[in-house]
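Notes for the one structure printed next.
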Amino acid sequence: EVRVKVAFGDTEKYLTLDSGCSEVILNEDLAKALKISGVIGPGDYLGIAMFVLADGSQVTVEKYRLSEMKVGSCVMEDFVVGVMEEGGMLLGMGYLGCFDAWELDQKTQTLLTRN
């Protein structure tokens with residue numbers, strides 16, 4: 001399991017890198033904190049989507065637009081994430097797909113991205 005430090009405004013959390021996940025997924029507790037800090041504003045709710053989990057089950061996910069998300073020196077603005085009631089927080093293809101190429105340096109446990 002590779003965990004990547006992600007900053008949402010002034011809040012930093014570690015998300016599990018998951019190239020099999022189609023989106024970036026946050027839990028409800030972090031989403032509440034981001035609403036309080038203003039990273040998720042009152043007009044940033046985008047609705048509900050159904051996601052299929054690795055075991056084939058379906059879950060309901062609320063989608064929100066974040067004002068800012070930062071991984072290393074890469075800053076994403078107006079970035080869409082999914083929020084699940086419970087479960088792990090995942091950095092999936094919703095983020096990795098923004099790049100022409102990406103790789104994980106296993107030796108240093110470093111995520112490398114290229115445009």
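Chain lettering (A, B, ...) mirrors the order of the structure tokens, residue numbering begins at 1 for each chain separately, and ligand numbering begins at 1 in order of display.
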
Subject >> Picked from range 21-72 of chain A by DSSP as strand (DSSP E), as a count of residues only >> reply: 26

**OP:** Find the residues near Lys35 in chain A: any atom within 12 Å, counting only C-alpha atoms, skip ones fewer than 2 places away on the same chain, and give them as a PyMOL selection string.
**Re:** chain A and resi 8-9+11+28-33+37-45+64-67

**OP:** Would you please work out which residue, of A:Ala54, A:Ile48, A:Leu34, A:Met76, is nearest to Gly94 in chain A when using only C-alpha atoms?
**Re:**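 Once distances to Gly94 in chain A are computed over only C-alpha atoms, the minimum belongs to A:Met76.
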
Subject >> Shell around Leu112 in chain A at 8 Å using only C-alpha atoms, local window under 2 positions removed, as a ChimeraX atom specification >> reply: /A:102-105,110,114

Prev. selection, all heavy atoms, output as an mmCIF file, in the first residue's frame:
```cif
data_model
loop_
_atom_site.group_PDB
_atom_site.id
_atom_site.type_symbol
_atom_site.label_atom_id
_atom_site.label_comp_id
_atom_site.auth_asym_id
_atom_site.auth_seq_id
_atom_site.Cartn_x
_atom_site.Cartn_y
_atom_site.Cartn_z
ATOM 1 N N TRP A 102 2.464 8.653 -15.519
ATOM 2 C CA TRP A 102 2.796 8.639 -14.094
ATOM 3 C C TRP A 102 3.427 7.285 -13.782
ATOM 4 O O TRP A 102 3.232 6.312 -14.500
ATOM 5 C CB TRP A 102 1.562 8.883 -13.216
ATOM 6 C CG TRP A 102 0.522 7.826 -13.335
ATOM 7 C CD1 TRP A 102 -0.508 7.781 -14.232
ATOM 8 C CD2 TRP A 102 0.412 6.641 -12.543
ATOM 9 N NE1 TRP A 102 -1.257 6.644 -14.039
ATOM 10 C CE2 TRP A 102 -0.707 5.917 -13.010
ATOM 11 C CE3 TRP A 102 1.140 6.122 -11.474
ATOM 12 C CZ2 TRP A 102 -1.105 4.719 -12.449
ATOM 13 C CZ3 TRP A 102 0.737 4.912 -10.917
ATOM 14 C CH2 TRP A 102 -0.366 4.237 -11.410
ATOM 15 N N GLU A 103 4.241 7.281 -12.749
ATOM 16 C CA GLU A 103 4.839 6.025 -12.307
ATOM 17 C C GLU A 103 5.167 6.127 -10.828
ATOM 18 O O GLU A 103 5.315 7.219 -10.283
ATOM 19 C CB GLU A 103 6.093 5.676 -13.112
ATOM 20 C CG GLU A 103 7.250 6.636 -12.917
ATOM 21 C CD GLU A 103 8.459 6.257 -13.746
ATOM 22 O OE1 GLU A 103 9.110 5.255 -13.397
ATOM 23 O OE2 GLU A 103 8.730 6.957 -14.725
ATOM 24 N N LEU A 104 5.279 4.990 -10.230
ATOM 25 C CA LEU A 104 5.634 4.916 -8.824
ATOM 26 C C LEU A 104 7.041 4.358 -8.736
ATOM 27 O O LEU A 104 7.311 3.270 -9.219
ATOM 28 C CB LEU A 104 4.657 4.013 -8.073
ATOM 29 C CG LEU A 104 4.923 3.842 -6.589
ATOM 30 C CD1 LEU A 104 4.773 5.170 -5.867
ATOM 31 C CD2 LEU A 104 3.988 2.814 -6.007
ATOM 32 N N ASP A 105 7.944 5.144 -8.159
ATOM 33 C CA ASP A 105 9.308 4.681 -7.929
ATOM 34 C C ASP A 105 9.269 3.834 -6.668
ATOM 35 O O ASP A 105 9.161 4.354 -5.561
ATOM 36 C CB ASP A 105 10.248 5.871 -7.774
ATOM 37 C CG ASP A 105 11.701 5.469 -7.590
ATOM 38 O OD1 ASP A 105 11.965 4.375 -7.043
ATOM 39 O OD2 ASP A 105 12.572 6.256 -7.971
ATOM 40 N N THR A 110 8.077 7.106 -4.297
ATOM 41 C CA THR A 110 7.774 8.439 -4.786
ATOM 42 C C THR A 110 6.880 8.339 -6.011
ATOM 43 O O THR A 110 7.147 7.545 -6.919
ATOM 44 C CB THR A 110 9.077 9.193 -5.159
ATOM 45 O OG1 THR A 110 9.931 9.223 -4.021
ATOM 46 C CG2 THR A 110 8.778 10.608 -5.605
ATOM 47 N N ARG A 114 4.124 13.232 -15.205
ATOM 48 C CA ARG A 114 4.634 14.020 -16.332
ATOM 49 C C ARG A 114 3.461 14.487 -17.195
ATOM 50 O O ARG A 114 2.514 13.750 -17.423
ATOM 51 C CB ARG A 114 5.556 13.166 -17.200
ATOM 52 C CG ARG A 114 6.887 12.888 -16.577
ATOM 53 C CD ARG A 114 7.808 12.171 -17.553
ATOM 54 N NE ARG A 114 7.353 10.842 -17.932
ATOM 55 C CZ ARG A 114 7.512 9.750 -17.188
ATOM 56 N NH1 ARG A 114 8.103 9.827 -16.022
ATOM 57 N NH2 ARG A 114 7.091 8.583 -17.619
#
```

Original post:
Which polymer residues have any atom within 8 Å of an atom of range 21-25 of chain A, counting only C-alpha atoms, with same-chain residues fewer than 3 positions away left out, as an NGL selection string?
Top reply: :A and (18 or 80-84 or 88-95)
